[in-house]
file input_26.tsv (TSV, C-alpha atoms)
chain	number	residue	atom	x	y	z
Y	1	MET	CA	13.00	12.96	-14.54
Y	2	PRO	CA	15.97	14.80	-16.17
Y	3	GLU	CA	15.76	12.60	-19.25
Y	4	HIS	CA	12.17	13.83	-19.71
Y	5	ASP	CA	12.88	17.57	-19.37
Y	6	GLY	CA	12.18	17.57	-15.65
Y	7	ARG	CA	8.66	16.17	-15.96
Y	8	THR	CA	7.22	13.49	-13.68
Y	9	PRO	CA	5.58	10.19	-14.71
Y	10	LEU	CA	2.23	11.66	-13.62
Y	11	THR	CA	2.52	14.41	-16.25
Y	12	LEU	CA	4.08	12.18	-18.90
Y	13	GLY	CA	1.25	9.64	-18.86
Y	14	LYS	CA	-1.75	10.04	-21.15
Y	15	MET	CA	-4.77	9.96	-18.80
Y	16	PRO	CA	-7.75	11.59	-20.51
Y	17	VAL	CA	-10.32	10.34	-17.97
Y	18	LEU	CA	-8.46	11.67	-14.92
Y	19	SER	CA	-7.66	14.90	-16.75
Y	20	ARG	CA	-11.33	15.46	-17.54
Y	21	LEU	CA	-12.39	14.77	-13.95
Y	22	ALA	CA	-9.66	17.12	-12.71
Y	23	ARG	CA	-10.94	19.92	-14.95
Y	24	GLN	CA	-14.41	19.48	-13.42
Y	25	GLY	CA	-13.44	18.72	-9.82
Y	26	ILE	CA	-11.14	19.86	-7.02
Y	27	VAL	CA	-7.39	19.29	-7.17
Y	28	GLY	CA	-5.29	19.77	-4.07
Y	29	ALA	CA	-2.24	18.64	-2.11
Y	30	ALA	CA	-2.36	16.20	0.81
Y	31	ARG	CA	0.17	15.19	3.42
Y	32	THR	CA	-0.62	11.49	3.69
Y	33	ILE	CA	2.59	10.90	5.69
Y	34	PRO	CA	2.51	13.01	8.88
Y	35	ALA	CA	5.72	14.79	9.83
Y	36	GLY	CA	8.17	12.51	11.60
Y	37	MET	CA	6.61	9.26	10.36
Y	38	ALA	CA	8.24	6.90	7.86
Y	39	ALA	CA	6.82	7.04	4.34
Y	40	GLY	CA	5.02	3.78	3.65
Y	41	SER	CA	1.69	2.38	2.51
Y	42	ASP	CA	0.80	1.38	6.07
Y	43	VAL	CA	0.82	5.04	7.10
Y	44	GLY	CA	-0.49	6.48	3.82
Y	45	ILE	CA	-3.43	4.13	3.33
Y	46	MET	CA	-4.42	4.47	6.99
Y	47	ALA	CA	-4.60	8.24	6.44
Y	48	ILE	CA	-6.55	7.89	3.18
Y	49	LEU	CA	-9.08	5.65	4.94
Y	50	GLY	CA	-9.69	8.47	7.42
Y	51	ALA	CA	-7.74	7.36	10.49
Y	52	ASP	CA	-5.00	9.68	11.76
Y	53	PRO	CA	-1.77	7.61	11.74
Y	54	ARG	CA	-0.36	9.71	14.60
Y	55	LYS	CA	-3.18	8.38	16.77
Y	56	TYR	CA	-3.63	4.81	15.56
Y	57	HIS	CA	-0.48	3.51	13.87
Y	58	ARG	CA	1.19	0.61	15.71
Y	59	GLY	CA	3.37	-0.91	12.97
Y	60	ARG	CA	2.89	-2.31	9.47
Y	61	ALA	CA	2.93	-6.04	10.14
Y	62	PRO	CA	-0.19	-6.12	12.38
Y	63	ILE	CA	-2.11	-4.43	9.58
Y	64	GLU	CA	-1.04	-7.09	7.11
Y	65	ALA	CA	-1.94	-9.81	9.60
Y	66	ALA	CA	-5.50	-8.46	9.63
Y	67	GLY	CA	-5.50	-8.56	5.84
Y	68	LEU	CA	-4.45	-12.21	5.85
Y	69	GLY	CA	-7.13	-13.07	8.43
Y	70	LEU	CA	-4.59	-14.21	11.01
Y	71	ASP	CA	-5.97	-14.57	14.53
Y	72	LEU	CA	-2.88	-14.06	16.68
Y	73	PRO	CA	-2.63	-13.52	20.46
Y	74	GLY	CA	-2.24	-9.93	21.58
Y	75	ASP	CA	1.11	-10.66	23.23
Y	76	ARG	CA	2.81	-11.77	19.99
Y	77	THR	CA	4.98	-9.40	17.96
Y	78	ILE	CA	4.23	-9.56	14.25
Y	79	PHE	CA	6.94	-8.81	11.67
Y	80	ARG	CA	6.79	-8.23	7.95
Y	81	CYS	CA	8.93	-11.00	6.45
Y	82	ASN	CA	10.23	-10.18	2.98
Y	83	LEU	CA	11.93	-12.77	0.80
Y	84	VAL	CA	14.98	-10.79	-0.36
Y	85	THR	CA	18.35	-11.18	-2.10
Y	86	VAL	CA	21.40	-9.84	-0.24
Y	87	LYS	CA	24.65	-10.22	-2.19
Y	88	ASP	CA	28.01	-9.32	-0.65
Y	89	GLY	CA	26.19	-7.34	2.03
Y	90	ILE	CA	24.18	-5.28	-0.49
Y	91	MET	CA	20.37	-5.36	-0.77
Y	92	ALA	CA	20.31	-6.55	-4.37
Y	93	ASP	CA	16.57	-7.27	-4.58
Y	94	PHE	CA	13.96	-6.39	-1.93
Y	95	LYS	CA	11.55	-8.95	-3.41
Y	96	GLY	CA	13.87	-11.94	-3.80
Y	97	GLY	CA	13.39	-12.46	-7.52
Y	98	ASP	CA	9.65	-11.74	-7.23
Y	99	PRO	CA	8.61	-15.40	-6.76
Y	100	ASP	CA	5.15	-16.52	-7.85
Y	101	PRO	CA	2.68	-17.36	-5.05
Y	102	GLU	CA	3.39	-21.10	-5.21
Y	103	ARG	CA	7.17	-20.74	-4.94
Y	104	ALA	CA	6.86	-18.16	-2.18
Y	105	ALA	CA	4.45	-20.34	-0.19
Y	106	ALA	CA	6.85	-23.28	-0.54
Y	107	ALA	CA	9.66	-21.10	0.82
Y	108	ILE	CA	7.59	-20.08	3.84
Y	109	THR	CA	6.70	-23.73	4.48
Y	110	ALA	CA	10.42	-24.63	4.39
Y	111	LEU	CA	11.24	-21.77	6.78
Y	112	GLN	CA	8.57	-22.92	9.23
Y	113	ARG	CA	9.80	-26.51	9.05
Y	114	ASN	CA	13.45	-25.60	9.64
Y	115	LEU	CA	13.31	-22.46	11.79
Y	116	GLY	CA	9.81	-22.45	13.33
Y	117	GLY	CA	9.14	-22.97	17.02
Y	118	GLU	CA	9.61	-19.85	19.10
Y	119	VAL	CA	8.70	-17.97	15.92
Y	120	ALA	CA	6.10	-18.83	13.28
Y	121	PHE	CA	6.09	-17.96	9.57
Y	122	HIS	CA	2.86	-17.04	7.79
Y	123	ALA	CA	2.47	-17.05	4.00
Y	124	GLY	CA	1.25	-13.84	2.37
Y	125	LEU	CA	1.41	-12.87	-1.31
Y	126	GLY	CA	4.63	-13.57	-3.20
Y	127	TYR	CA	7.63	-12.00	-1.48
Y	128	ARG	CA	5.39	-10.27	1.10
Y	129	ASN	CA	4.98	-12.54	4.15
Y	130	LEU	CA	4.78	-12.37	7.95
Y	131	MET	CA	6.44	-13.84	11.01
Y	132	SER	CA	5.13	-13.84	14.59
Y	133	ALA	CA	7.46	-13.91	17.60
Y	134	PRO	CA	7.43	-13.39	21.38
Y	135	ALA	CA	6.57	-9.92	22.69
Y	136	ALA	CA	10.20	-9.21	23.67
Y	137	TRP	CA	11.23	-9.25	20.00
Y	138	ALA	CA	9.46	-5.92	19.52
Y	139	ASP	CA	12.49	-4.10	20.96
Y	140	SER	CA	14.32	-3.89	17.65
Y	141	MET	CA	14.80	-1.53	14.73
Y	142	SER	CA	15.12	-2.65	11.12
Y	143	VAL	CA	15.00	-0.59	7.95
Y	144	ALA	CA	12.46	-1.49	5.24
Y	145	PRO	CA	14.28	-3.45	2.50
Y	146	HIS	CA	12.72	-1.47	-0.36
Y	147	GLU	CA	14.36	1.67	1.05
Y	148	ILE	CA	17.92	0.32	0.72
Y	149	VAL	CA	17.97	-1.31	-2.73
Y	150	GLY	CA	21.54	-1.20	-4.04
Y	151	ARG	CA	22.86	-0.12	-0.64
Y	152	GLN	CA	24.37	-1.77	2.43
Y	153	ALA	CA	21.94	-4.13	4.17
Y	154	VAL	CA	22.47	-2.87	7.72
Y	155	PRO	CA	21.44	-5.52	10.28
Y	156	PRO	CA	18.71	-4.80	12.84
Y	157	SER	CA	19.57	-2.96	16.06
Y	158	GLY	CA	18.01	-2.75	19.51
Y	159	LYS	CA	17.85	-5.33	22.31
Y	160	ALA	CA	16.22	-7.94	20.05
Y	161	GLY	CA	18.27	-6.97	17.00
Y	162	THR	CA	20.74	-9.81	17.55
Y	163	TRP	CA	17.92	-12.40	17.49
Y	164	LEU	CA	16.53	-10.98	14.27
Y	165	ALA	CA	19.94	-10.81	12.61
Y	166	GLN	CA	20.71	-14.41	13.58
Y	167	LEU	CA	17.40	-15.67	12.23
Y	168	MET	CA	17.85	-13.72	8.99
Y	169	GLU	CA	21.31	-15.25	8.57
Y	170	GLU	CA	20.03	-18.77	9.31
Y	171	SER	CA	17.35	-18.37	6.66
Y	172	ARG	CA	20.04	-18.27	3.96
Y	173	SER	CA	20.75	-21.97	4.48
Y	174	VAL	CA	17.03	-22.72	4.00
Y	175	LEU	CA	16.43	-20.52	0.95
Y	176	GLY	CA	19.81	-21.06	-0.71
Y	177	GLY	CA	22.34	-18.83	-2.45
Y	178	ASP	CA	22.03	-15.13	-1.65
Y	179	ASN	CA	18.36	-15.44	-0.74
Y	180	GLN	CA	17.17	-14.81	2.80
Y	181	ILE	CA	14.38	-13.23	4.83
Y	182	TRP	CA	14.29	-9.61	6.00
Y	183	LEU	CA	12.30	-8.80	9.15
Y	184	TRP	CA	10.88	-5.32	9.72
Y	185	GLY	CA	7.73	-3.25	10.40
Y	186	GLN	CA	6.86	-5.03	13.65
Y	187	GLY	CA	3.98	-4.35	16.01
Y	188	GLN	CA	1.20	-5.98	17.98
Y	189	VAL	CA	-2.48	-6.51	17.20
Y	190	MET	CA	-4.33	-3.21	16.63
Y	191	ARG	CA	-7.92	-1.98	16.43
Y	192	LEU	CA	-9.45	0.86	14.39
Y	193	PRO	CA	-12.95	2.41	14.42
Y	194	ARG	CA	-15.28	1.51	11.55
Y	195	LEU	CA	-15.80	3.81	8.59
Y	196	PRO	CA	-19.17	5.59	8.44
Y	197	CYS	CA	-20.59	3.80	5.42
Y	198	ARG	CA	-23.51	1.41	5.04
Y	199	ASP	CA	-21.79	-1.16	2.80
Y	200	GLY	CA	-18.11	-0.52	2.16
Y	201	ARG	CA	-15.86	-2.77	0.07
Y	202	LEU	CA	-12.12	-2.87	-0.65
Y	203	ILE	CA	-10.48	-4.22	-3.81
Y	204	GLY	CA	-6.74	-4.83	-3.65
Y	205	ALA	CA	-4.16	-7.59	-3.60
Y	206	VAL	CA	-1.52	-6.44	-1.12
Y	207	ALA	CA	-2.03	-7.35	2.53
Y	208	VAL	CA	-1.43	-3.86	3.93
Y	209	ALA	CA	-4.36	-2.42	1.93
Y	210	ARG	CA	-6.59	-5.39	2.70
Y	211	GLY	CA	-5.65	-5.28	6.38
Y	212	LEU	CA	-6.52	-1.62	6.74
Y	213	GLY	CA	-9.80	-2.32	4.97
Y	214	VAL	CA	-10.59	-5.07	7.47
Y	215	LEU	CA	-9.64	-2.84	10.41
Y	216	ARG	CA	-11.90	-0.06	9.10
Y	217	GLY	CA	-14.85	-2.43	8.65
Y	218	LEU	CA	-14.74	-2.84	4.86
Y	219	ALA	CA	-15.56	-6.15	3.18
Y	220	ILE	CA	-12.58	-7.45	1.20
Y	221	MET	CA	-13.44	-8.53	-2.35
Y	222	SER	CA	-11.49	-11.33	-4.00
Y	223	VAL	CA	-10.29	-10.41	-7.49
Y	224	PRO	CA	-8.93	-13.06	-9.90
Y	225	GLY	CA	-5.79	-11.72	-11.56
Y	226	ALA	CA	-5.02	-9.13	-8.86
Y	227	THR	CA	-1.32	-9.61	-8.13
Y	228	GLY	CA	-0.06	-6.51	-6.34
Y	229	THR	CA	2.44	-6.05	-9.20
Y	230	CYS	CA	2.60	-4.33	-12.59
Y	231	ALA	CA	1.02	-7.47	-14.08
Y	232	THR	CA	-2.22	-7.00	-12.14
Y	233	SER	CA	-5.57	-7.19	-13.95
Y	234	TYR	CA	-6.99	-3.67	-14.08
Y	235	GLU	CA	-10.06	-4.96	-15.90
Y	236	ALA	CA	-10.81	-7.44	-13.12
Y	237	LYS	CA	-10.58	-4.67	-10.52
Y	238	ARG	CA	-12.83	-2.45	-12.67
Y	239	ASP	CA	-15.42	-5.18	-13.10
Y	240	THR	CA	-15.33	-6.09	-9.42
Y	241	ALA	CA	-15.90	-2.45	-8.46
Y	242	ILE	CA	-18.86	-2.23	-10.85
Y	243	SER	CA	-20.24	-5.47	-9.43
Y	244	ALA	CA	-19.89	-4.10	-5.90
Y	245	PHE	CA	-21.84	-0.95	-6.72
Y	246	ALA	CA	-24.48	-2.96	-8.58
Y	247	ASP	CA	-24.78	-5.11	-5.45
Y	248	GLY	CA	-25.55	-2.09	-3.28
Y	249	ALA	CA	-22.17	-0.92	-1.97
Y	250	ASP	CA	-22.03	2.79	-1.13
Y	251	LEU	CA	-18.21	2.99	-0.82
Y	252	VAL	CA	-15.68	1.06	-2.90
Y	253	VAL	CA	-11.94	1.49	-2.32
Y	254	VAL	CA	-9.69	0.31	-5.17
Y	255	HIS	CA	-5.97	-0.05	-4.49
Y	256	VAL	CA	-3.37	-0.55	-7.23
Y	257	ALA	CA	0.28	-1.10	-6.25
Y	258	ALA	CA	1.76	-1.10	-9.77
Y	259	THR	CA	3.08	2.47	-9.73
Y	260	ASP	CA	4.86	1.84	-6.43
Y	261	GLU	CA	6.41	-1.39	-7.74
Y	262	ALA	CA	7.63	0.38	-10.90
Y	263	GLY	CA	9.10	3.18	-8.80
Y	264	HIS	CA	11.05	0.74	-6.64
Y	265	ASP	CA	12.29	-0.97	-9.79
Y	266	GLY	CA	13.50	2.39	-11.12
Y	267	ASP	CA	11.47	1.76	-14.28
Y	268	VAL	CA	10.08	5.06	-15.59
Y	269	ASP	CA	8.35	3.50	-18.60
Y	270	ALA	CA	6.60	0.92	-16.40
Y	271	LYS	CA	5.44	3.65	-14.04
Y	272	ILE	CA	4.00	5.72	-16.88
Y	273	ALA	CA	2.33	2.61	-18.28
Y	274	ALA	CA	0.81	1.79	-14.87
Y	275	LEU	CA	-0.71	5.28	-14.64
Y	276	GLU	CA	-2.11	4.99	-18.16
Y	277	HIS	CA	-3.55	1.55	-17.34
Y	278	TRP	CA	-5.26	3.08	-14.30
Y	279	ASP	CA	-6.96	5.49	-16.68
Y	280	SER	CA	-7.81	3.38	-19.73
Y	281	ARG	CA	-8.31	-0.09	-18.26
Y	282	LEU	CA	-9.87	0.71	-14.88
Y	283	LEU	CA	-11.31	4.21	-14.58
Y	284	ALA	CA	-12.71	4.61	-18.09
Y	285	GLY	CA	-15.23	1.77	-17.78
Y	286	LEU	CA	-15.95	2.47	-14.12
Y	287	VAL	CA	-16.70	6.15	-14.74
Y	288	GLU	CA	-18.94	5.25	-17.66
Y	289	TYR	CA	-20.93	2.91	-15.40
Y	290	LEU	CA	-21.18	5.46	-12.59
Y	291	ASP	CA	-22.31	8.22	-14.96
Y	292	GLU	CA	-25.16	5.97	-16.10
Y	293	THR	CA	-26.34	4.99	-12.62
Y	294	GLY	CA	-26.66	8.27	-10.75
Y	295	PRO	CA	-24.72	10.89	-8.72
Y	296	TRP	CA	-21.34	9.72	-7.52
Y	297	ARG	CA	-18.11	10.96	-5.94
Y	298	LEU	CA	-14.47	10.04	-6.42
Y	299	LEU	CA	-11.27	10.48	-4.41
Y	300	TRP	CA	-8.09	9.63	-6.34
Y	301	VAL	CA	-4.86	9.92	-4.33
Y	302	PRO	CA	-1.48	8.20	-3.98
Y	303	ASP	CA	-0.76	6.91	-0.47
Y	304	HIS	CA	2.80	8.27	-0.81
Y	305	GLY	CA	5.34	9.20	-3.45
Y	306	THR	CA	7.89	6.68	-4.75
Y	307	ALA	CA	10.84	8.44	-6.35
Y	308	THR	CA	11.79	6.47	-9.45
Y	309	ARG	CA	15.38	7.73	-9.61
Y	310	ARG	CA	16.06	6.90	-5.94
Y	311	ARG	CA	13.79	3.83	-5.98
Y	312	ALA	CA	12.50	4.84	-2.54
Y	313	HIS	CA	9.44	6.30	-0.83
Y	314	THR	CA	9.13	10.01	-0.15
Y	315	ALA	CA	7.12	11.80	2.53
Y	316	THR	CA	6.45	14.86	0.35
Y	317	PRO	CA	2.80	15.94	-0.13
Y	318	VAL	CA	0.96	14.26	-3.00
Y	319	PRO	CA	-1.66	15.64	-5.42
Y	320	TYR	CA	-5.22	14.44	-5.00
Y	321	LEU	CA	-8.48	14.74	-6.93
Y	322	HIS	CA	-12.00	15.09	-5.54
Y	323	TYR	CA	-14.82	14.78	-8.08
Y	324	ASP	CA	-18.56	15.13	-7.47
Y	325	SER	CA	-20.79	14.48	-10.49
Y	326	ALA	CA	-23.54	16.67	-8.99
Y	327	VAL	CA	-21.40	19.59	-7.79
Y	328	PRO	CA	-18.87	21.05	-10.27
Y	329	GLY	CA	-15.58	22.15	-8.76
Y	330	PRO	CA	-13.18	24.95	-9.74
Y	331	GLY	CA	-11.09	22.54	-11.80
Y	332	GLY	CA	-7.36	22.00	-11.88
Y	333	VAL	CA	-4.45	19.97	-13.20
Y	334	LEU	CA	-3.52	16.70	-11.52
Y	335	ALA	CA	0.25	17.13	-11.27
Y	336	GLU	CA	2.88	17.63	-8.59
Y	337	GLU	CA	3.99	21.00	-9.94
Y	338	ALA	CA	0.40	22.26	-10.18
Y	339	VAL	CA	-0.22	21.78	-6.45
Y	340	ALA	CA	3.28	22.56	-5.14
Y	341	SER	CA	2.30	26.05	-3.96
Y	342	LEU	CA	-0.84	24.88	-2.11
Y	343	THR	CA	-0.96	24.29	1.65
Y	344	PRO	CA	-1.23	20.50	2.05
Y	345	GLU	CA	-4.25	19.12	3.86
Y	346	PRO	CA	-3.79	16.32	6.42
Y	347	GLY	CA	-4.34	13.08	4.51
Y	348	HIS	CA	-6.80	11.69	7.03
Y	349	VAL	CA	-9.39	14.44	6.35
Y	350	LEU	CA	-9.87	13.46	2.69
Y	351	MET	CA	-12.21	10.56	3.44
Y	352	SER	CA	-14.46	12.71	5.61
Y	353	GLN	CA	-14.67	15.20	2.73
Y	354	LEU	CA	-15.60	12.39	0.35
Y	355	LEU	CA	-18.28	11.00	2.68
Y	356	ASP	CA	-19.25	14.46	3.93
Y	357	ARG	CA	-19.00	13.40	7.57
Y	358	ASN	CA	-16.38	12.84	10.28
Y	359	THR	CA	-14.60	9.48	9.91
Y	360	ASP	CA	-11.95	9.44	12.62
Y	361	GLY	CA	-13.36	7.70	15.68
Y	362	TRP	CA	-16.84	7.17	14.19
Y	363	THR	CA	-18.27	3.86	15.42
Y	364	GLY	CA	-21.43	3.57	13.34
Y	365	PRO	CA	-25.10	3.21	14.36
call {"tool": "encode", "arguments": {"input": "input_26.tsv", "output": "structure tokens"}}
result
Amino acid sequence: MPEHDGRTPLTLGKMPVLSRLARQGIVGAARTIPAGMAAGSDVGIMAILGADPRKYHRGRAPIEAAGLGLDLPGDRTIFRCNLVTVKDGIMADFKGGDPDPERAAAAITALQRNLGGEVAFHAGLGYRNLMSAPAAWADSMSVAPHEIVGRQAVPPSGKAGTWLAQLMEESRSVLGGDNQIWLWGQGQVMRLPRLPCRDGRLIGAVAVARGLGVLRGLAIMSVPGATGTCATSYEAKRDTAISAFADGADLVVVHVAATDEAGHDGDVDAKIAALEHWDSRLLAGLVEYLDETGPWRLLWVPDHGTATRRRAHTATPVPYLHYDSAVPGPGGVLAEEAVASLTPEPGHVLMSQLLDRNTDGWTGP
């Protein structure tokens, strides 16, 4: 950030817990987004959970469908259905005013009542929803709305692009004003091998993280106050993680979307605050518990970068931290500049390093 002497939010935030773990662990660079693939949480989280996206990725929407527990036929095409605001042809807001769950669910109900039939709308969390359509609708290309904030909202292309564009236009009469749906990230039902853990859990609000957890065989834990936004309850996620370990879990994945949301909003202060909340409100208490209960390991890694100035995802390598309470590492600094000269590791190998076994394709006993 030029206004901060070229420093990044990751170095501007005060994170004493992560800094201490970094000094005692292993800091490296990871390519969570393989070359040629679009930077997004669907790709990045799949890699972090140990599945090579180049081998398994079939679209974002099917992942989210798994997270919502939707049982859809294999011949249906599933789309991510954002509630957005498009004003004078410009993507003014990729989250349509960020409606609360009740308002968003009411909007999806109205869309199903007025436009449902050949297609079906499925409520998700806030502005993040899904739509299922016939298989032929898969032949279309549509840019992710969060990648074009403040820019021209180019309509979908491809053989089915006209159908998508028409439906998106018709949704304006249902939602009113400059509000409409935006359809993207399509694919069909997918399967992934299970992770090699005895009792794995996932804590997170957004459907893409929950869906990948389901597909990898993790139990999804419900967390009151988890919103998938900057207003999420870090304490609730911390306490749920502690409860999971106390209940016998051997792997707990905690996902927080706040830094990504702040990046898309172009809000540097909110991004710094989200990183600091990670440290003080979530990790501090969790690390204290783990230190008291025995040897433990940690992997801390972003699923992708989100450039705050451009308000868009980046496919550049990200810094990661491995910590093992029983095996001291060489130590390092958790910062982009500190790992810039390192050769990035493929993101999907990090989980196998954490679990000390191969994860890609492992089917369990």
call {"tool": "atom_distance", "arguments": {"input": "input_26.tsv", "atom1": "atom CA of Ala165 of chain Y", "atom2": "atom CA of Arg210 of chain Y"}}
result
28.8 Å
call {"tool": "residues_around", "arguments": {"input": "input_26.tsv", "residues": "segment 313-321 of chain Y", "least_positions_apart": "3", "cutoff": "6 Å", "atoms": "only C-alpha atoms", "output": "ChimeraX atom specification"}}
result
/Y:26-31,33,39,299-301,305-306,336
call {"tool": "residues_near_point", "arguments": {"input": "input_26.tsv", "point": "(-27.7, 5.8, -6.2)", "cutoff": "12 Å", "atoms": "all atoms listed in the file", "output": "JSON, numbers by chain"}}
result
{"Y": [245, 246, 247, 248, 249, 250, 251, 289, 290, 291, 292, 293, 294, 295, 296, 297, 325, 326]}
call {"tool": "atom_distance", "arguments": {"input": "input_26.tsv", "atom1": "atom CA of Gly204 of chain Y", "atom2": "atom CA of Val189 of chain Y"}}
result
21.3 Å
call {"tool": "residues_around", "arguments": {"input": "input_26.tsv", "residues": "Leu283 of chain Y", "least_positions_apart": "6", "cutoff": "10 Å", "atoms": "only C-alpha atoms", "output": "PyMOL selection string"}}
result
chain Y and resi 15+17-18+234-235+237-238+276-277+289
call {"tool": "atom_distance", "arguments": {"input": "input_26.tsv", "atom1": "atom CA of Leu275 of chain Y", "atom2": "atom CA of Lys14 of chain Y"}}
result
8.1 Å
call {"tool": "closest_residue", "arguments": {"input": "input_26.tsv", "among": "Y:Thr11, Y:Gly217, Y:Val254, Y:Ile48", "to": "Glu345 of chain Y", "atoms": "only C-alpha atoms"}}
result
Y:Ile48
call {"tool": "residues_around", "arguments": {"input": "input_26.tsv", "residues": "Gly332 of chain Y", "least_positions_apart": "6", "cutoff": "8 Å", "atoms": "all atoms listed in the file", "output": "ChimeraX atom specification"}}
result
/Y:22-27,338
call {"tool": "residues_around", "arguments": {"input": "input_26.tsv", "residues": "Pro2 of chain Y", "least_positions_apart": "3", "cutoff": "12 Å", "atoms": "only C-alpha atoms", "output": "list in words"}}
result
Asp5, Gly6, Arg7, Thr8, Pro9, Val268, Thr308 and Arg309 of chain Y
call {"tool": "residues_around", "arguments": {"input": "input_26.tsv", "residues": "Ala138 of chain Y", "least_positions_apart": "4", "cutoff": "10 Å", "atoms": "all atoms listed in the file", "output": "list in words"}}
result
Arg76, Thr77, Ile78, Phe79, Ala133, Pro134, Gly158, Lys159, Ala160, Gly161, Trp184, Gly185, Gln186, Gly187 and Gln188 of chain Y
call {"tool": "closest_residue", "arguments": {"input": "input_26.tsv", "among": "Y:Leu282, Y:Val208, Y:Ala241, Y:Ala312", "to": "Glu261 of chain Y", "atoms": "all atoms listed in the file"}}
result
Y:Ala312
call {"tool": "closest_residue", "arguments": {"input": "input_26.tsv", "among": "Y:His255, Y:Arg113, Y:His348, Y:Lys87", "to": "Asp178 of chain Y", "atoms": "all atoms listed in the file"}}
result
Y:Lys87
call {"tool": "decode", "arguments": {"input": "input_26.tsv", "residues": "segment 286-343 of chain Y", "atoms": "C-alpha atoms", "output": "CSV table (one decimal), in the first residue's frame"}}
result
chain,number,residue,atom,x,y,z
Y,286,LEU,CA,-6.8,-21.6,20.8
Y,287,VAL,CA,-3.0,-21.8,21.1
Y,288,GLU,CA,-3.2,-21.5,24.8
Y,289,TYR,CA,-5.6,-24.5,25.0
Y,290,LEU,CA,-3.4,-26.6,22.6
Y,291,ASP,CA,-0.2,-25.8,24.5
Y,292,GLU,CA,-1.9,-27.2,27.7
Y,293,THR,CA,-3.3,-30.4,26.1
Y,294,GLY,CA,-0.3,-31.9,24.3
Y,295,PRO,CA,1.8,-31.8,21.1
Y,296,TRP,CA,0.0,-30.1,18.2
Y,297,ARG,CA,0.6,-28.8,14.7
Y,298,LEU,CA,-0.7,-25.8,12.8
Y,299,LEU,CA,-0.9,-24.8,9.1
Y,300,TRP,CA,-1.9,-21.1,8.6
Y,301,VAL,CA,-2.3,-20.1,5.0
Y,302,PRO,CA,-4.4,-17.8,2.8
Y,303,ASP,CA,-6.3,-19.6,0.0
Y,304,HIS,CA,-5.3,-16.7,-2.3
Y,305,GLY,CA,-4.4,-13.1,-2.3
Y,306,THR,CA,-7.0,-10.3,-2.5
Y,307,ALA,CA,-5.4,-7.1,-3.7
Y,308,THR,CA,-7.0,-4.3,-1.7
Y,309,ARG,CA,-6.2,-1.5,-4.2
Y,310,ARG,CA,-7.6,-3.5,-7.1
Y,311,ARG,CA,-10.3,-5.1,-5.0
Y,312,ALA,CA,-9.7,-8.4,-6.8
Y,313,HIS,CA,-8.1,-11.8,-6.3
Y,314,THR,CA,-4.5,-12.5,-7.3
Y,315,ALA,CA,-2.9,-15.8,-8.3
Y,316,THR,CA,0.5,-14.9,-6.9
Y,317,PRO,CA,2.1,-17.3,-4.3
Y,318,VAL,CA,1.1,-16.7,-0.7
Y,319,PRO,CA,3.1,-17.0,2.5
Y,320,TYR,CA,2.3,-19.9,4.8
Y,321,LEU,CA,3.3,-21.0,8.3
Y,322,HIS,CA,3.9,-24.6,9.6
Y,323,TYR,CA,4.3,-25.0,13.3
Y,324,ASP,CA,5.0,-28.1,15.3
Y,325,SER,CA,5.1,-27.8,19.1
Y,326,ALA,CA,7.3,-30.8,19.4
Y,327,VAL,CA,9.8,-30.0,16.6
Y,328,PRO,CA,11.3,-26.5,16.4
Y,329,GLY,CA,11.7,-25.1,12.9
Y,330,PRO,CA,14.3,-22.7,11.5
Y,331,GLY,CA,12.0,-19.7,12.1
Y,332,GLY,CA,11.0,-16.9,9.8
Y,333,VAL,CA,8.8,-13.9,9.2
Y,334,LEU,CA,5.3,-14.3,8.0
Y,335,ALA,CA,5.2,-11.7,5.3
Y,336,GLU,CA,5.0,-11.5,1.5
Y,337,GLU,CA,8.3,-9.8,1.1
Y,338,ALA,CA,10.0,-12.3,3.4
Y,339,VAL,CA,9.1,-15.3,1.2
Y,340,ALA,CA,9.3,-13.6,-2.2
Y,341,SER,CA,12.6,-15.1,-3.1
Y,342,LEU,CA,11.6,-18.7,-2.2
Y,343,THR,CA,10.5,-21.3,-4.7
